[in-house]
Amino acid sequence: MEPSRPSQSDSLYTMLAISSMALGLIAIISCFSPPVQLGFGATALILAYASRLNRPLTIPAVIGAVLGILSIIVSVIMCATVLYGIRMMDDPANAAFMREFMKEYQDALNSLYAR
């Protein structure tokens with residue numbers, strides 16, 4: 001009896017699962033750009049779902065889906081934080097605090113570059 005060889009469709013779904021995991025890793029690494037992170041995370045989720053082939057998810061697909069979900073959550077939190085910061089800077093009641101904060105930040109940077 002000859003061992004069964006994986007069909008081309010199985011290898012396609014395996015490649016989708018591995019691609020999902022790779023894009024999930026890229027999404028986590030690209031945390032400095034929330035829109036890019038959101039795109040990679042969503043794509044990782046889509047590829048993980050597409051790799052199912054009417055069976056349970058493989059390990060790379062599960063890893064890709066988890067990383068995709070985490071990157072989407074982090075991206076949404078980062079966007080909300082940035083929007084909150086912008087809104088806080090626009091409030092005149094916080095103007096003095098923001099000026100003082102920025103002055104201290106600039107002084108800290110200047111002391112690092114003065115060395």
# chains A, B, ... in the order shown; residues from 1 in each chain; ligands from 1

call {"tool": "closest_atom_pairs", "arguments": {"of": "stretch 24-71 of chain A", "to": "stretch 10-13 of chain A", "cutoff": "8 Å", "atoms": "only C-alpha atoms", "output": "Markdown table"}}
result
| residue | atom | partner | partner_atom | distance |
| --- | --- | --- | --- | --- |
| A:Ala50 | CA | A:Tyr13 | CA | 7.5 |
| A:Ser51 | CA | A:Tyr13 | CA | 4.6 |
| A:Arg52 | CA | A:Tyr13 | CA | 7.1 |
| A:Leu53 | CA | A:Tyr13 | CA | 6.9 |

call {"tool": "write_last_selection", "arguments": {"atoms": "C-alpha atoms", "output": "mmCIF file, in the first residue's frame"}}
result
data_model
loop_
_atom_site.group_PDB
_atom_site.id
_atom_site.type_symbol
_atom_site.label_atom_id
_atom_site.label_comp_id
_atom_site.auth_asym_id
_atom_site.auth_seq_id
_atom_site.Cartn_x
_atom_site.Cartn_y
_atom_site.Cartn_z
ATOM 1 C CA ALA A 50 -9.564 30.419 4.364
ATOM 2 C CA SER A 51 -7.118 27.648 5.321
ATOM 3 C CA ARG A 52 -9.730 25.527 7.093
ATOM 4 C CA LEU A 53 -10.719 23.143 4.262
#

call {"tool": "residues_around", "arguments": {"residues": "stretch 55-65 of chain A", "least_positions_apart": "4", "cutoff": "12 Å", "atoms": "only C-alpha atoms", "output": "ChimeraX atom specification"}}
result
/A:10,13-28,40-51,69-72

call {"tool": "write_last_selection", "arguments": {"atoms": "C-alpha atoms", "output": "short mmCIF file (atom, residue, chain, number, x, y, z; two decimals), in the first residue's frame"}}
result
data_model
loop_
_atom_site.label_atom_id
_atom_site.label_comp_id
_atom_site.auth_asym_id
_atom_site.auth_seq_id
_atom_site.Cartn_x
_atom_site.Cartn_y
_atom_site.Cartn_z
CA ASP A 10 -3.96 20.47 0.84
CA TYR A 13 -4.41 25.37 2.45
CA THR A 14 -1.17 24.69 4.30
CA MET A 15 0.44 27.66 2.57
CA LEU A 16 -2.56 29.81 3.52
CA ALA A 17 -2.12 28.80 7.16
CA ILE A 18 1.62 29.56 7.08
CA SER A 19 0.94 32.87 5.34
CA SER A 20 -1.60 33.70 8.05
CA MET A 21 1.01 33.05 10.73
CA ALA A 22 3.63 35.15 8.89
CA LEU A 23 1.23 38.06 8.42
CA GLY A 24 0.22 37.81 12.08
CA LEU A 25 3.88 38.13 13.07
CA ILE A 26 4.35 41.10 10.73
CA ALA A 27 1.22 42.69 12.19
CA ILE A 28 2.55 42.41 15.74
CA PHE A 40 -2.03 42.90 8.35
CA GLY A 41 -4.07 41.62 11.30
CA ALA A 42 -7.28 41.48 9.29
CA THR A 43 -5.50 39.73 6.43
CA ALA A 44 -4.03 37.18 8.85
CA LEU A 45 -7.53 36.43 10.15
CA ILE A 46 -8.93 36.06 6.64
CA LEU A 47 -6.12 33.70 5.59
CA ALA A 48 -6.53 31.62 8.76
CA TYR A 49 -10.24 31.24 8.03
CA ALA A 50 -9.56 30.42 4.36
CA SER A 51 -7.12 27.65 5.32
CA ILE A 69 -6.77 39.31 16.74
CA LEU A 70 -4.11 40.68 19.10
CA SER A 71 -2.80 43.08 16.48
CA ILE A 72 -6.31 44.35 15.71
#

call {"tool": "atom_distance", "arguments": {"atom1": "atom CA of A:Thr81", "atom2": "atom CA of A:Ala93"}}
result
18.9 Å

call {"tool": "select_by_dssp", "arguments": {"residues": "stretch 41-87 of chain A", "states": "alpha helix (DSSP H)", "output": "MDAnalysis selection string"}}
result
chainID A and resid 41:50 59:87
